[in-house]
file structure-v8.cif (mmCIF, C-alpha atoms)
data_start
loop_
_atom_site.label_atom_id
_atom_site.label_comp_id
_atom_site.auth_asym_id
_atom_site.auth_seq_id
_atom_site.Cartn_x
_atom_site.Cartn_y
_atom_site.Cartn_z
CA MET A 3 -40.05 21.27 -13.58
CA LEU A 4 -36.43 20.23 -13.95
CA CYS A 5 -35.90 20.31 -10.18
CA GLY A 6 -39.05 18.27 -9.74
CA ALA A 7 -37.86 15.67 -12.24
CA VAL A 8 -34.52 15.36 -10.46
CA LEU A 9 -36.31 15.00 -7.13
CA LEU A 10 -38.52 12.25 -8.54
CA VAL A 11 -35.49 10.38 -9.86
CA PHE A 12 -33.77 10.45 -6.49
CA THR A 13 -36.98 9.49 -4.73
CA ALA A 14 -37.43 6.52 -7.07
CA GLN A 15 -33.86 5.41 -6.51
CA SER A 16 -34.28 5.62 -2.74
CA ALA A 17 -37.52 3.68 -2.88
CA SER A 18 -36.03 0.96 -5.05
CA ALA A 19 -32.90 0.56 -2.93
CA GLN A 20 -32.94 -2.77 -1.17
CA THR A 21 -32.28 -3.07 2.57
CA LEU A 22 -29.24 -5.33 2.85
CA GLY A 23 -28.90 -7.57 5.88
CA LEU A 24 -25.88 -9.54 6.98
CA ASP A 25 -27.25 -12.88 5.79
CA GLU A 26 -27.93 -11.48 2.34
CA ALA A 27 -24.44 -9.97 2.09
CA LEU A 28 -22.78 -13.22 3.10
CA SER A 29 -24.99 -15.22 0.74
CA ARG A 30 -23.94 -13.03 -2.18
CA VAL A 31 -20.29 -13.64 -1.39
CA ALA A 32 -20.93 -17.34 -0.90
CA THR A 33 -22.12 -17.69 -4.49
CA SER A 34 -19.70 -15.39 -6.31
CA ASP A 35 -16.44 -15.31 -4.38
CA PRO A 36 -13.43 -16.02 -6.66
CA ALA A 37 -11.74 -17.79 -3.74
CA ILE A 38 -14.09 -20.72 -4.36
CA ALA A 39 -12.33 -21.53 -7.65
CA ALA A 40 -8.92 -21.38 -5.96
CA ASN A 41 -10.06 -23.78 -3.25
CA ALA A 42 -11.49 -26.12 -5.87
CA ALA A 43 -8.12 -26.18 -7.66
CA ARG A 44 -6.37 -27.08 -4.41
CA LEU A 45 -8.76 -29.99 -3.92
CA GLU A 46 -8.17 -31.17 -7.48
CA ALA A 47 -4.44 -31.18 -6.82
CA ALA A 48 -5.00 -33.25 -3.69
CA ASP A 49 -7.21 -35.66 -5.66
CA ALA A 50 -4.41 -36.08 -8.19
CA ALA A 51 -2.08 -37.05 -5.34
CA ILE A 52 -4.35 -40.05 -4.61
CA LEU A 53 -4.13 -41.16 -8.22
CA GLN A 54 -0.37 -40.97 -8.03
CA ALA A 55 -0.25 -42.85 -4.73
CA ASP A 56 -2.21 -45.72 -6.29
CA ILE A 57 0.54 -46.39 -8.85
CA ARG A 58 2.74 -49.37 -8.01
CA PRO A 59 6.46 -49.52 -8.91
CA ARG A 60 6.88 -49.57 -12.64
CA ASP A 61 7.97 -52.75 -14.41
CA VAL A 62 11.38 -52.71 -16.07
CA VAL A 63 12.45 -54.07 -19.45
CA GLY A 64 16.14 -54.25 -20.29
CA VAL A 65 18.79 -55.77 -22.54
CA ASP A 66 22.27 -56.94 -21.51
CA PHE A 67 25.12 -57.58 -23.99
CA GLU A 68 28.01 -59.73 -22.76
CA ASP A 69 31.27 -60.85 -24.36
CA PHE A 70 30.56 -58.92 -27.55
CA ALA A 71 34.13 -57.60 -27.69
CA GLY A 72 37.37 -58.87 -26.25
CA THR A 73 40.58 -60.67 -27.06
CA GLY A 74 41.34 -64.15 -28.21
CA PRO A 75 38.32 -66.35 -28.68
CA TYR A 76 36.00 -63.52 -27.48
CA SER A 77 36.66 -61.40 -30.51
CA PRO A 78 34.83 -60.33 -32.60
CA LEU A 79 31.34 -61.40 -31.51
CA ASN A 80 32.13 -65.08 -31.82
CA ARG A 81 31.04 -65.89 -28.30
CA SER A 82 28.79 -62.90 -27.50
CA GLN A 83 25.67 -63.26 -25.40
CA ALA A 84 22.58 -61.05 -25.44
CA THR A 85 19.84 -61.20 -22.80
CA GLY A 86 16.48 -59.50 -22.92
CA TRP A 87 14.71 -59.44 -19.57
CA TYR A 88 11.58 -58.26 -17.78
CA GLU A 89 11.57 -57.33 -14.07
CA ARG A 90 8.76 -56.64 -11.60
CA THR A 91 8.87 -55.49 -7.96
CA TRP A 92 6.20 -56.59 -5.47
CA GLU A 93 5.39 -54.18 -2.69
CA ARG A 94 4.92 -55.73 0.73
CA GLY A 95 3.84 -54.45 4.11
CA GLY A 96 0.88 -52.46 2.82
CA LYS A 97 2.98 -49.73 1.18
CA ARG A 98 0.45 -48.98 -1.51
CA GLU A 99 -2.47 -48.77 0.94
CA ALA A 100 -0.39 -46.61 3.27
CA ARG A 101 0.47 -44.21 0.45
CA ILE A 102 -3.18 -43.90 -0.54
CA GLY A 103 -4.17 -43.36 3.09
CA ALA A 104 -1.59 -40.59 3.48
CA ALA A 105 -2.83 -38.92 0.28
CA ARG A 106 -6.44 -39.10 1.46
CA ALA A 107 -5.39 -37.55 4.77
CA ASP A 108 -3.81 -34.68 2.84
CA ILE A 109 -7.15 -34.11 1.09
CA ALA A 110 -8.77 -33.71 4.50
CA ILE A 111 -6.13 -31.12 5.42
CA VAL A 112 -6.71 -29.17 2.21
CA GLY A 113 -10.47 -29.26 2.78
CA ALA A 114 -10.09 -27.99 6.36
CA GLN A 115 -7.71 -25.24 5.23
CA ASN A 116 -10.17 -24.19 2.53
CA ARG A 117 -12.93 -23.94 5.12
CA VAL A 118 -10.77 -21.70 7.31
CA ARG A 119 -9.98 -19.47 4.33
CA LEU A 120 -13.66 -19.15 3.46
CA LEU A 121 -14.63 -18.41 7.06
CA ASP A 122 -11.93 -15.74 7.23
CA ARG A 123 -13.30 -14.15 4.06
CA LEU A 124 -16.83 -14.21 5.44
CA ALA A 125 -15.52 -12.56 8.60
CA ARG A 126 -13.93 -9.80 6.52
CA VAL A 127 -17.22 -9.31 4.69
CA GLN A 128 -19.04 -9.09 8.01
CA ALA A 129 -16.47 -6.54 9.23
CA ALA A 130 -17.06 -4.46 6.09
CA TRP A 131 -20.80 -4.65 6.77
CA VAL A 132 -20.21 -3.37 10.33
CA GLU A 133 -18.06 -0.53 9.01
CA SER A 134 -20.88 0.41 6.65
CA LEU A 135 -23.36 0.46 9.54
CA ALA A 136 -21.03 2.66 11.58
CA ALA A 137 -20.56 5.05 8.67
CA GLU A 138 -24.31 5.28 8.17
CA ALA A 139 -24.84 5.90 11.89
CA ALA A 140 -22.51 8.91 11.75
CA ILE A 141 -24.76 10.72 9.25
CA PRO A 142 -27.71 11.49 11.61
CA VAL A 143 -25.25 12.72 14.23
CA ALA A 144 -23.69 15.12 11.72
CA GLU A 145 -27.13 16.24 10.55
CA ALA A 146 -28.32 16.95 14.09
CA ARG A 147 -25.18 18.93 14.88
CA LEU A 148 -25.56 21.01 11.72
CA ALA A 149 -29.22 21.71 12.48
CA ASP A 150 -28.37 22.86 16.02
CA LEU A 151 -25.57 25.12 14.81
CA GLN A 152 -27.76 26.63 12.11
CA ARG A 153 -30.47 27.49 14.64
CA VAL A 154 -27.92 28.99 17.00
CA GLU A 155 -26.36 30.96 14.16
CA LEU A 156 -29.69 32.70 13.62
CA ASP A 157 -29.95 33.47 17.32
CA VAL A 158 -26.39 34.77 17.47
CA VAL A 159 -26.98 37.04 14.48
CA LYS A 160 -30.02 38.49 16.25
CA ARG A 161 -27.96 39.03 19.39
CA VAL A 162 -25.16 40.69 17.43
CA THR A 163 -27.69 42.94 15.70
CA GLY A 164 -29.08 43.88 19.10
CA ALA A 165 -25.56 44.64 20.39
CA LEU A 166 -25.73 41.78 22.91
CA ASP A 167 -22.74 39.93 21.43
CA PRO A 168 -19.70 41.14 19.49
CA TRP A 169 -19.38 40.60 15.75
CA PHE A 170 -16.76 37.85 16.13
CA ALA A 171 -19.45 35.66 17.75
CA ALA A 172 -21.44 35.75 14.51
CA GLU A 173 -18.34 34.91 12.51
CA ARG A 174 -17.56 32.08 14.88
CA ALA A 175 -21.08 30.76 14.47
CA ARG A 176 -20.78 30.88 10.67
CA THR A 177 -17.44 29.07 10.90
CA ASN A 178 -18.95 26.32 13.01
CA VAL A 179 -21.83 25.93 10.56
CA ALA A 180 -19.41 25.67 7.64
CA GLN A 181 -17.38 23.05 9.49
CA ALA A 182 -20.54 21.10 10.31
CA GLU A 183 -21.60 21.18 6.65
CA ILE A 184 -18.20 19.82 5.64
CA ALA A 185 -18.44 17.13 8.33
CA LEU A 186 -21.89 16.11 7.05
CA GLU A 187 -20.64 15.87 3.46
CA GLN A 188 -17.69 13.80 4.63
CA ALA A 189 -19.96 11.50 6.64
CA ARG A 190 -22.20 10.89 3.62
CA GLU A 191 -19.21 10.27 1.37
CA SER A 192 -17.67 7.90 3.91
CA ALA A 193 -20.93 5.96 4.09
CA ARG A 194 -21.08 5.76 0.29
CA ASN A 195 -17.49 4.53 0.15
CA ALA A 196 -18.18 1.97 2.87
CA ARG A 197 -21.17 0.59 0.95
CA ASN A 198 -19.13 0.38 -2.25
CA ASN A 199 -16.33 -1.39 -0.38
CA LEU A 200 -18.84 -3.90 0.95
CA ALA A 201 -20.42 -4.45 -2.46
CA ALA A 202 -16.99 -5.01 -4.01
CA TRP A 203 -16.88 -8.39 -2.27
CA TRP A 204 -19.50 -9.74 -4.66
CA GLY A 205 -18.79 -7.38 -7.55
CA GLY A 206 -21.92 -5.31 -7.08
CA SER A 207 -22.73 -1.66 -6.46
CA GLY A 208 -23.50 0.18 -3.27
CA ASP A 209 -27.11 1.04 -4.21
CA PHE A 210 -28.61 -0.58 -1.12
CA LYS A 211 -29.76 0.56 2.30
CA LEU A 212 -28.78 -0.65 5.75
CA ASP A 213 -31.06 -1.02 8.74
CA PRO A 214 -29.80 1.40 11.45
CA ALA A 215 -31.66 -0.53 14.14
CA ILE A 216 -29.20 -3.41 13.75
CA PHE A 217 -26.30 -1.14 14.67
CA GLU A 218 -28.14 0.00 17.80
CA THR A 219 -28.78 -3.56 18.97
CA LEU A 220 -26.59 -4.75 21.84
CA ASP A 221 -27.00 -8.51 21.66
CA LEU A 222 -24.77 -10.12 24.30
CA ALA A 223 -25.82 -13.69 23.52
CA VAL A 224 -22.94 -16.00 22.65
CA PRO A 225 -23.58 -18.01 19.45
CA PRO A 226 -23.63 -21.79 19.94
CA LYS A 227 -20.22 -23.28 19.31
CA GLU A 228 -19.86 -25.33 16.18
CA ASN A 229 -16.85 -27.54 15.56
CA SER A 230 -13.96 -25.09 15.41
CA ALA A 231 -12.51 -24.82 11.92
CA ASP A 232 -9.07 -24.09 13.38
CA VAL A 233 -9.19 -27.23 15.51
CA ALA A 234 -10.50 -29.17 12.49
CA ILE A 235 -7.29 -28.34 10.62
CA LEU A 236 -5.19 -29.72 13.46
CA ALA A 237 -7.42 -32.79 13.68
CA ALA A 238 -6.89 -33.40 9.96
CA GLU A 239 -3.14 -32.88 10.40
CA LEU A 240 -3.20 -35.34 13.30
CA ALA A 241 -4.90 -37.97 11.13
CA ALA A 242 -2.38 -37.25 8.37
CA ALA A 243 0.49 -37.62 10.85
CA ASP A 244 -0.87 -41.00 11.91
CA ALA A 245 -1.06 -42.04 8.26
CA LYS A 246 2.53 -40.91 7.74
CA VAL A 247 3.64 -43.02 10.71
CA ARG A 248 2.08 -46.08 9.10
CA LEU A 249 3.67 -45.17 5.77
CA ALA A 250 7.08 -44.80 7.40
CA GLU A 251 6.70 -48.16 9.14
CA THR A 252 6.07 -49.89 5.81
CA GLY A 253 9.58 -48.78 4.76
CA ASN A 254 11.00 -51.42 7.11
CA VAL A 255 9.50 -54.21 4.96
CA ALA A 256 11.61 -55.39 2.03
CA ASP A 257 10.17 -55.49 -1.49
CA PRO A 258 11.27 -58.54 -3.53
CA SER A 259 11.70 -58.32 -7.26
CA GLY A 260 11.65 -61.08 -9.88
CA ARG A 261 13.22 -61.22 -13.32
CA VAL A 262 12.65 -63.41 -16.32
CA GLY A 263 14.48 -63.19 -19.63
CA LEU A 264 15.69 -64.86 -22.80
CA ARG A 265 19.41 -65.26 -23.48
CA HIS A 266 20.95 -65.67 -26.92
CA PHE A 267 24.35 -67.33 -27.34
CA GLY A 268 26.37 -66.12 -30.31
CA GLU A 269 28.35 -69.39 -30.40
CA GLY A 270 25.94 -71.96 -31.74
CA ASN A 271 23.11 -69.45 -32.10
CA ASP A 272 21.26 -71.08 -29.18
CA LEU A 273 18.62 -69.69 -26.85
CA ALA A 274 18.01 -70.13 -23.10
CA ILE A 275 15.51 -68.89 -20.58
CA MET A 276 16.86 -67.17 -17.46
CA VAL A 277 14.97 -66.51 -14.19
CA GLY A 278 16.19 -64.49 -11.21
CA GLY A 279 15.11 -62.50 -8.22
CA SER A 280 16.36 -60.27 -5.42
CA ILE A 281 15.34 -58.96 -2.01
CA PRO A 282 17.02 -56.17 -0.02
CA LEU A 283 18.81 -57.10 3.19
CA GLY A 284 18.89 -55.35 6.53
CA THR A 285 15.52 -53.66 6.18
CA LYS A 286 14.25 -54.18 9.72
CA ASN A 287 15.49 -50.78 10.87
CA ALA A 288 16.15 -49.24 7.47
CA ASN A 289 13.44 -46.58 7.95
CA ARG A 290 13.78 -46.19 11.73
CA GLY A 291 14.65 -42.47 11.52
CA ASN A 292 11.63 -41.61 9.43
CA VAL A 293 9.36 -43.58 11.77
CA THR A 294 10.72 -41.74 14.81
CA ARG A 295 10.31 -38.38 13.13
CA ALA A 296 6.71 -39.14 12.07
CA GLN A 297 5.84 -40.23 15.61
CA ALA A 298 7.34 -37.05 17.08
CA GLU A 299 5.40 -34.88 14.62
CA LYS A 300 2.22 -36.67 15.61
CA ARG A 301 2.83 -35.98 19.30
CA ALA A 302 3.51 -32.31 18.53
CA ILE A 303 0.19 -31.99 16.68
CA GLU A 304 -1.65 -33.67 19.56
CA ALA A 305 -0.23 -31.01 21.88
CA ASP A 306 -1.14 -28.25 19.41
CA VAL A 307 -4.76 -29.42 19.41
CA ALA A 308 -4.97 -29.06 23.18
CA VAL A 309 -3.27 -25.65 23.10
CA THR A 310 -5.54 -24.35 20.34
CA ARG A 311 -8.68 -25.41 22.19
CA VAL A 312 -7.55 -23.56 25.31
CA GLU A 313 -6.59 -20.43 23.34
CA ILE A 314 -9.95 -20.34 21.55
CA GLU A 315 -11.84 -20.66 24.83
CA ARG A 316 -9.68 -17.94 26.37
CA GLU A 317 -10.24 -15.57 23.45
CA ILE A 318 -13.99 -16.19 23.46
CA GLY A 319 -14.10 -15.41 27.17
CA LYS A 320 -12.18 -12.17 26.69
CA ILE A 321 -14.41 -11.08 23.81
CA VAL A 322 -17.56 -11.75 25.85
CA ALA A 323 -16.17 -9.73 28.76
CA ASP A 324 -15.12 -6.84 26.52
CA ARG A 325 -18.54 -6.70 24.86
CA GLN A 326 -20.23 -6.59 28.25
CA LEU A 327 -18.07 -3.62 29.26
CA ILE A 328 -18.86 -1.82 26.01
CA ALA A 329 -22.58 -2.46 26.38
CA SER A 330 -22.48 -1.14 29.92
CA GLU A 331 -20.73 2.07 28.83
CA VAL A 332 -23.18 2.61 25.95
CA LYS A 333 -26.12 2.23 28.30
CA ARG A 334 -24.62 4.74 30.73
CA ILE A 335 -23.99 7.20 27.91
CA ASP A 336 -27.64 6.85 26.88
CA ALA A 337 -28.95 7.12 30.43
CA GLU A 338 -26.61 9.72 31.95
CA VAL A 339 -24.23 11.50 29.61
CA LEU A 340 -26.36 12.32 26.58
CA PRO A 341 -29.49 13.48 28.48
CA SER A 342 -27.42 15.78 30.67
CA ALA A 343 -25.34 17.17 27.80
CA THR A 344 -28.42 17.64 25.65
CA ARG A 345 -30.22 19.51 28.42
CA ALA A 346 -27.24 21.82 28.80
CA VAL A 347 -27.28 22.60 25.08
CA ARG A 348 -31.04 23.22 25.13
CA LEU A 349 -30.84 25.51 28.13
CA ILE A 350 -28.02 27.59 26.63
CA ARG A 351 -29.76 27.76 23.26
CA ASP A 352 -33.02 28.85 24.85
CA GLY A 353 -31.15 31.46 26.82
CA LEU A 354 -29.48 32.79 23.71
CA ALA A 355 -32.81 32.86 21.87
CA ARG A 356 -34.45 34.88 24.66
CA GLY A 357 -31.74 37.52 24.30
CA GLY A 358 -30.39 37.18 27.82
CA THR A 359 -26.78 37.81 28.78
CA ALA A 360 -26.32 34.83 31.11
CA PHE A 361 -24.87 32.70 28.31
CA THR A 362 -22.40 33.31 25.54
CA PHE A 363 -21.82 31.60 22.24
CA LEU A 364 -18.58 30.12 23.61
CA GLU A 365 -20.51 28.29 26.29
CA PHE A 366 -22.91 26.94 23.71
CA SER A 367 -20.02 25.82 21.54
CA GLN A 368 -18.47 23.94 24.46
CA ALA A 369 -21.77 22.31 25.39
CA GLN A 370 -22.43 21.32 21.80
CA ALA A 371 -18.93 19.84 21.54
CA ALA A 372 -19.68 17.73 24.62
CA VAL A 373 -22.81 16.36 22.96
CA SER A 374 -20.95 15.66 19.71
CA ASP A 375 -18.13 13.92 21.57
CA ALA A 376 -20.59 11.75 23.48
CA ARG A 377 -22.41 10.75 20.29
CA ALA A 378 -19.14 10.04 18.47
CA ARG A 379 -17.92 8.00 21.44
CA ARG A 380 -21.17 6.05 21.39
CA ILE A 381 -20.83 5.24 17.68
CA GLU A 382 -17.23 4.13 18.16
CA LEU A 383 -18.25 1.88 21.07
CA LEU A 384 -21.02 0.32 18.99
CA ARG A 385 -18.58 -0.19 16.15
CA ARG A 386 -16.12 -1.96 18.46
CA PHE A 387 -18.96 -4.01 19.94
CA HIS A 388 -20.02 -5.33 16.54
CA LEU A 389 -16.45 -5.89 15.34
CA LEU A 390 -15.84 -8.01 18.43
CA GLY A 391 -19.02 -9.82 17.46
CA VAL A 392 -17.44 -10.54 14.06
CA ARG A 393 -14.51 -12.25 15.77
CA LEU A 394 -16.88 -14.08 18.10
CA ASP A 395 -18.88 -15.39 15.15
CA ARG A 396 -15.65 -16.52 13.51
CA LEU A 397 -14.44 -18.42 16.57
CA THR A 398 -17.80 -20.07 17.25
CA GLY A 399 -18.35 -20.94 13.58
CA ARG A 400 -21.68 -19.14 13.31
CA HIS A 401 -21.47 -18.90 9.51
CA THR A 402 -20.30 -22.48 8.95
CA PRO A 403 -23.61 -23.51 7.31
CA LEU A 404 -22.86 -21.11 4.44
CA LEU A 405 -19.75 -23.11 3.58
CA ALA A 406 -21.89 -25.92 2.19
CA ASN A 407 -23.04 -23.65 -0.65
CA MET A 408 -19.51 -22.36 -1.25
CA GLU A 409 -18.01 -25.84 -1.36
CA THR A 410 -20.64 -27.34 -3.65
CA THR A 411 -20.19 -24.46 -6.10
CA ARG A 412 -16.96 -26.03 -7.32
#

call {"tool": "encode", "arguments": {"input": "structure-v8.cif", "output": "structure tokens"}}
result
Amino acid sequence: MLCGAVLLVFTAQSASAQTLGLDEALSRVATSDPAIAANAARLEAADAAILQADIRPRDVVGVDFEDFAGTGPYSPLNRSQATGWYERTWERGGKREARIGAARADIAIVGAQNRVRLLDRLARVQAAWVESLAAEAAIPVAEARLADLQRVELDVVKRVTGALDPWFAAERARTNVAQAEIALEQARESARNARNNLAAWWGGSGDFKLDPAIFETLDLAVPPKENSADVAILAAELAAADAKVRLAETGNVADPSGRVGLRHFGEGNDLAIMVGGSIPLGTKNANRGNVTRAQAEKRAIEADVAVTRVEIEREIGKIVADRQLIASEVKRIDAEVLPSATRAVRLIRDGLARGGTAFTFLEFSQAQAAVSDARARRIELLRRFHLLGVRLDRLTGRHTPLLANMETTR
């Protein structure tokens, strides 16, 4: 009864486990990723920069004391003068608008950088999902190998009992079965760890299932290209560089200042109003160096945009070619290698079961190793195929629509 109860519990857990697809995994991260709060804080800092850029030069209030100490008739305070004044500076040449424009351009850069960070995190989640699929795919391979070795162990024991094989063959068979049992336990534990690692991205648990058919799918279609997030950063930097050029050019325009004040004369206790102003001289080329530097930085970013576009296209082309090679090798393994290796194992096993002396356990072990190597090679190829697909999805911006939910969460 106790064993039955335990079996029912495990059966209920297996039945209730949800099959997790890639879209569901990414959606969970898109709504609970702590990186969203960090990106929101960066945008708030950029918003504060606009507020600061909108502030004009501060007005100045001052007091001057003259002739309050000296010799002869200027001592002590007989002929002192005190002036209280107020001064304001007027910005010219569109400095204030240029500052605000540069700050807004920086917000665009921060937004583009945040999008790249989020896409990179989604790519890492997708990679963890692929690793989970690969770990799950290794379990049936380990189970099949253990089942084959267990059947052969029974046959070898019969042959040893009938004096057809030496006793070490039986021991070797038991050793192989023990190793296969360990390998199966390790495969199941690796799959459990891979699921937990995937669930850690959204703070959940690994009590979900994965569809093995997805891992077996060799989809060579190239996702439609969205606007590249990496190029979008450079485009935002280019717009910011243009804004900085305009800001630097406004530094060549002089800003006049005006002053008004009230002067008190100690001698006679009289009052007088004073008015004054000033404007800097030689400002035509005062900011020439900064303008030249801003223009050079803009040209460098323009070149970087062209280079990045070419590099992305080149990497996409290489990934597509590599995936085609992998798909071709997987198909040949399925069509040529595995059927032949499996037939060899079946023929040797049948021969051992019939009690003939044409085959030995060593030959079976070698044939079984060939099958296991082919299956392991196939899983590794599929793993590489899907990991290259992760990079392809990242470069083409396949998961860009999910960013809308992540950005509005803030």

call {"tool": "resolve_selection", "arguments": {"input": "structure-v8.cif", "expression": "the PyMOL selection byres ((chain A and resi 94-105) around 6)", "output": "JSON, numbers by chain"}}
result
{"A": [51, 52, 55, 93, 106, 107, 108, 242, 245, 246, 249, 252, 255, 257]}

call {"tool": "residues_around", "arguments": {"input": "structure-v8.cif", "residues": "region 299-306 of chain A", "least_positions_apart": "6", "cutoff": "7 Å", "atoms": "all atoms listed in the file", "output": "count of residues only"}}
result
4

call {"tool": "axis_aligned_box", "arguments": {"input": "structure-v8.cif", "around": "region 287-298 of chain A", "padding_each_side": "5 Å", "output": "AutoDock Vina command-line options"}}
result
--center_x 11.0 --center_y -43.9 --center_z 12.3 --size_x 20.3 --size_y 23.7 --size_z 19.6

call {"tool": "residues_near_point", "arguments": {"input": "structure-v8.cif", "point": "(5.9, -49.8, -8.3)", "cutoff": "8 Å", "atoms": "all atoms listed in the file", "output": "list in words"}}
result
Ile57, Arg58, Pro59, Arg60, Asp61, Thr91, Trp92 and Glu93 of chain A

call {"tool": "closest_residue", "arguments": {"input": "structure-v8.cif", "among": "A:Gln20, A:Arg379, A:Ile235, A:Gly263", "to": "Lys211 (chain A)", "atoms": "only C-alpha atoms"}}
result
A:Gln20

call {"tool": "resolve_selection", "arguments": {"input": "structure-v8.cif", "expression": "the PyMOL selection byres ((chain A and resi 401) around 10)", "output": "list in words"}}
result
Asp25, Leu28, Leu120, Leu121, Leu124, Ala125, Glu228, Asp395, Arg396, Leu397, Thr398, Gly399, Arg400, Thr402, Pro403, Leu404 and Leu405 of chain A

call {"tool": "resolve_selection", "arguments": {"input": "structure-v8.cif", "expression": "the PyMOL selection byres ((chain A and resi 205) around 12)", "output": "PyMOL selection string"}}
result
chain A and resi 27+30-31+33-36+197-204+206-208

call {"tool": "atom_distance", "arguments": {"input": "structure-v8.cif", "atom1": "CA of Gly353 (chain A)", "atom2": "CA of Phe366 (chain A)"}}
result
9.9 Å

call {"tool": "atom_distance", "arguments": {"input": "structure-v8.cif", "atom1": "CA of Leu24 (chain A)", "atom2": "CA of Arg334 (chain A)"}}
result
27.7 Å

call {"tool": "residues_around", "arguments": {"input": "structure-v8.cif", "residues": "region 272-289 of chain A", "least_positions_apart": "2", "cutoff": "8 Å", "atoms": "only C-alpha atoms", "output": "PyMOL selection string"}}
result
chain A and resi 250-251+253-270+291-293

call {"tool": "write_last_selection", "arguments": {"input": "structure-v8.cif", "atoms": "C-alpha atoms", "output": "short mmCIF file (atom, residue, chain, number, x, y, z; two decimals), keeping the file's coordinate frame"}}
result
data_model
loop_
_atom_site.label_atom_id
_atom_site.label_comp_id
_atom_site.auth_asym_id
_atom_site.auth_seq_id
_atom_site.Cartn_x
_atom_site.Cartn_y
_atom_site.Cartn_z
CA ALA A 250 7.08 -44.80 7.40
CA GLU A 251 6.70 -48.16 9.14
CA GLY A 253 9.58 -48.78 4.76
CA ASN A 254 11.00 -51.42 7.11
CA VAL A 255 9.50 -54.21 4.96
CA ALA A 256 11.61 -55.39 2.03
CA ASP A 257 10.17 -55.49 -1.49
CA PRO A 258 11.27 -58.54 -3.53
CA SER A 259 11.70 -58.32 -7.26
CA GLY A 260 11.65 -61.08 -9.88
CA ARG A 261 13.22 -61.22 -13.32
CA VAL A 262 12.65 -63.41 -16.32
CA GLY A 263 14.48 -63.19 -19.63
CA LEU A 264 15.69 -64.86 -22.80
CA ARG A 265 19.41 -65.26 -23.48
CA HIS A 266 20.95 -65.67 -26.92
CA PHE A 267 24.35 -67.33 -27.34
CA GLY A 268 26.37 -66.12 -30.31
CA GLU A 269 28.35 -69.39 -30.40
CA GLY A 270 25.94 -71.96 -31.74
CA GLY A 291 14.65 -42.47 11.52
CA ASN A 292 11.63 -41.61 9.43
CA VAL A 293 9.36 -43.58 11.77
#

call {"tool": "residues_around", "arguments": {"input": "structure-v8.cif", "residues": "region 172-184 of chain A", "least_positions_apart": "2", "cutoff": "8 Å", "atoms": "all atoms listed in the file", "output": "list in words"}}
result
Ala144, Arg147, Leu148, Leu151, Gln152, Val154, Glu155, Val158, Val159, Val162, Pro168, Trp169, Phe170, Leu186, Glu187, Gln188 and Phe363 of chain A

call {"tool": "closest_residue", "arguments": {"input": "structure-v8.cif", "among": "A:Ile141, A:Val65, A:Ala238, A:Ala136", "to": "Ile109 (chain A)", "atoms": "all atoms listed in the file"}}
result
A:Ala238
